[in-house]
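Asker: Let me begin by handing over the structure; questions about it come next.
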Amino acid sequence: MTSDTVQGESAGAAAPPRSLTFTEPEAEPRRKRRRRQSSRRNDPRLFLFLIPAAVIYLWLVLWPTVQAFRFSLTDWDGLSATFNEVGLGNYRRLFGGDSVFTQAVGNSFKFMLAVVTGQTTLSLVLALALQRNTRTNIALRALYFFPTVLSSVSVAFVWSFVYDPTFGLANTLLSAVGLGSWQQPWLGDQSLAIYYLAIVQIWFHAGQMMVVYIAGLQTIPPELFEAVDLDGANRWQRFRYLTWPLVAPATAIVVAYTTIQSFKAFDLIYASTGGGPNHATEILSTLIYNSAFRTFEFGYAAAQSVIFVLVVALVTVVQRRAVALSSRGG
Amino acid sequence: MALAAPSVRGVARTVGLTVYSLIILVPLTVVLFTTLKTSPQMYASPFGLPTTPTLDNFGELLEGGRLGTSLLNSVVVTLSSVVLTLLVSSWAAYGIARILGWTGIVVFGVFALGLAVPAQVAMIPQYVIFKQIGLTNSLLGLILINIAVTCPVAIFILTGFLKTLPNELFEAAEIDGAGQWRTYWSIALPLAKPSFAAVAIFLFVMHWNDLLYPLLFITDPAKATLPKALLDFKGEYTTNYPVLFAGVLVASAPMVIAYVFLQRYFVAGITAGATKG
């Protein structure tokens, strides 16, 4: 009895105390059962362990997230002491022909689709090639994984040098092999810059996803491959009807992670182009930052961030369905 | 029949792997060489070996102690953030793993919610909170925000591990008279060491490389961490790649050294943190 009261008190720190009175009557019959197996009762002191993380998390993550919704209904500039409630005004402005917002949504999807397709394919191909644990393969895996440990800012700088239009690695190489006419302004090309950044993102993280695929491939029992080979399956059939369905769990992880990662690729894009030139590489996460801290439209930026959450949630759901369907079909 | 085919495939495989190795290695090598060149040398021969290697670029960055300060800030912020995040997350994970029934599931769910929220959503109100209580331009502020935003991942992974331990283990400790703290410290922590190491490495990489929060909260160069300082150098040195790359090298060195020596743990840690989170 005493212990139950204490439990209620410490739980009250995180949950509204009213819930206590609701659970109290129904807790009565259960208590008898609990006494019989007394070791199964929750020790109230366990709740003390939650307090530090809960306080800092509620204060600096959950509460601000809720606040974002509230800010999105105002015209606050982030500096003034006062602001006006504008209702859904910010949302009306977003969907009422804000061409930069539309462009950022489009870019987010272009970037996501390019990265997800490219990174999933590349990491699976690399994993298939390096699946066996030979010494060379292990060394190559370590090399391919390496960019992942670098910071986005470092990667952005390395690639700004590769893409430098006048003396960058890419253009120099092209002219060296006699393809001078293929030279590009790279990140200065407004219609393609977002795809060139997708290449950087893939270079950055394909090795990491390769590791996920290798782990998935190594769970497939080798006897299965032997059995299929005995049945006379060719290489493609073996991949299509055995490997691909069996790595489906790994594919689900890779696709889910890559999708979220590409939507969140703020650091890389911000450090590479800042969203430019002329918003050509603006994705939602950079746009939110720029709206809030460049043009000081906090309310408007908050509305963009609310849409951002919804887009991420929607894409996650759709993409989970797609992966589930494609692996069932395989 | 099967003789020609595998060799063609073998050649294709070797070529493919070599090309991809070069795609990874060449830009990094060029960057490494560039740090040893002067600006005119680089423009004269961007991809040649540094004929007369110079350390001037590093000297330029160290002048006035700017890079040194940022390096120190990064070390302080990263180490404190990793240790404190591990501490509060392991407490919470222990609590969640041992709280039975719906209560435990709900608490877990609330923390897991943090994994789904993109950083750019909470950042505007976070900025407002920090501004109000004077935590901008403060290393303490960076540490606090790091703990807040990464504790969900850490709790997620650590709880997942602690849940795999049989409850009888904890009950036995209690029957022997150990309190919760003792059980946490002497039973849960030692057993969770491998997942602890994985989470620690994941957090280390995350916190060391983070740009968003320094960008949001730090305007004073004396309080900048390395990624933020690098970005500021870019504004200052625009296309002075040798100096920029010297900065990149300094900022990456601790991570690269750690990766070389702790490679297995890195691969496991970063991948677990990323994919489970």
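Ligands are numbered from 1 in the order shown, residues from 1 within each chain, and chains are lettered A, B, ... in the order they appear in the structure tokens.
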Using only C-alpha atoms, which chain B residues lie at most 6 Å away from chain A, written as a list in words?
Answerer: Val88, Trp91, Ala92, Gly95, Ile99, Val121, Ala122, Pro125, Gln126, Ala148, Asn209 and Val248 of chain B
Asker: Skipping near chain neighbours, those fewer than 5 positions away, what residues fall within 6 Å of range 202-206 of chain B using only C-alpha atoms, listed as a ChimeraX atom specification?
Answerer: /B:82,269-270,273
Asker: Limited to N, CA and C atoms, could you put the picked residues into a file as a tab-separated table (two decimals), in the first residue's frame?
Answerer:
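The resulting file, selection_24.tsv, is shown below:
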```
chain	number	residue	atom	x	y	z
B	82	VAL	N	28.86	13.42	-24.47
B	82	VAL	CA	28.83	11.96	-24.57
B	82	VAL	C	28.64	11.36	-23.17
B	269	GLY	N	28.82	0.68	-34.02
B	269	GLY	CA	28.17	1.74	-33.25
B	269	GLY	C	27.40	2.72	-34.11
B	270	ILE	N	28.05	3.23	-35.14
B	270	ILE	CA	27.39	4.23	-35.97
B	270	ILE	C	26.19	3.62	-36.68
B	273	GLY	N	23.38	2.94	-34.14
B	273	GLY	CA	22.77	4.20	-33.74
B	273	GLY	C	21.90	4.78	-34.83
```
Asker: Give the alpha helix (DSSP H) residues of range 43-265 of chain B, as DSSP finds them on the backbone, and put them as a PyMOL selection string.
Answerer: chain B and resi 43-44+56-62+66-98+101-116+119-132+139-164+167-175+180-183+189-191+193-209+212-217+226-237+241-261+263-265
Asker: Between A:Tyr213, A:Tyr196, A:Trp186, A:Trp76, which one has atoms that come closest to Thr271 in chain B, using only C-alpha atoms?
Answerer: A:Tyr213
Asker: What does the distance between CA of Asp75 in chain A and CA of Phe101 in chain A come to in Å, to one decimal place?
Answerer: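 That distance, rounded to one decimal, is 17.2 Å.
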Asker: Could you work out how far CA of Pro249 in chain A lies from CA of Ala198 in chain A, giving the answer in Å with one decimal?
Answerer: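 Interatomic distance here is 24.4 Å.
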Asker: Show me, as a list in words, the residues that have an atom within 8 Å of range 103-110 of chain A when counting only C-alpha atoms, minus same-chain residues fewer than 5 positions from it.
Answerer: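 The filter keeps Ile194, Tyr195, Ser262, Phe263, His279, Ala280, Thr281, Glu282, Ile283, Leu284 and Leu287 of chain A.
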Asker: Need to verify the contact set: range 225-241 of chain A, 10 Å, only C-alpha atoms, exclusion of same-chain residues closer than 4 positions in sequence. Can you return it as a VMD selection string?
Answerer: chain A and resid 128 220 to 221 245 to 246 330
Asker: Output N, CA and C atoms of each residue in that selection to a file, as a JSON list (two decimals), in the first residue's frame.
Answerer:
```json
[["chain", "number", "residue", "atom", "x", "y", "z"],
["A", 128, "LEU", "N", 27.03, -7.01, -52.11],
["A", 128, "LEU", "CA", 27.09, -8.29, -52.82],
["A", 128, "LEU", "C", 28.52, -8.59, -53.23],
["A", 220, "ILE", "N", 21.78, -15.06, -44.40],
["A", 220, "ILE", "CA", 21.18, -16.06, -45.30],
["A", 220, "ILE", "C", 22.03, -17.32, -45.25],
["A", 221, "PRO", "N", 21.42, -18.47, -44.91],
["A", 221, "PRO", "CA", 22.22, -19.70, -44.82],
["A", 221, "PRO", "C", 22.79, -20.08, -46.18],
["A", 245, "PRO", "N", 14.44, -11.24, -51.95],
["A", 245, "PRO", "CA", 13.41, -11.40, -50.91],
["A", 245, "PRO", "C", 14.03, -11.59, -49.52],
["A", 246, "LEU", "N", 15.16, -12.27, -49.46],
["A", 246, "LEU", "CA", 15.73, -12.55, -48.13],
["A", 246, "LEU", "C", 16.45, -11.36, -47.52],
["A", 330, "GLY", "N", 8.32, -10.02, -54.37],
["A", 330, "GLY", "CA", 9.54, -10.73, -54.79],
["A", 330, "GLY", "C", 9.52, -12.12, -54.25]]
```
Asker: I'd like the interatomic distance between CA of Asp77 in chain A and CA of Asp220 in chain B, to a tenth of an Å.
Answerer: 22.1 Å
Asker: Looking at only C-alpha atoms, which of A:Ala139, A:Leu242, A:Leu224, A:Val247 is the one that sits closest to Val260 in chain B?
Answerer: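 With only C-alpha atoms as the atom set, the closest residue is A:Ala139.
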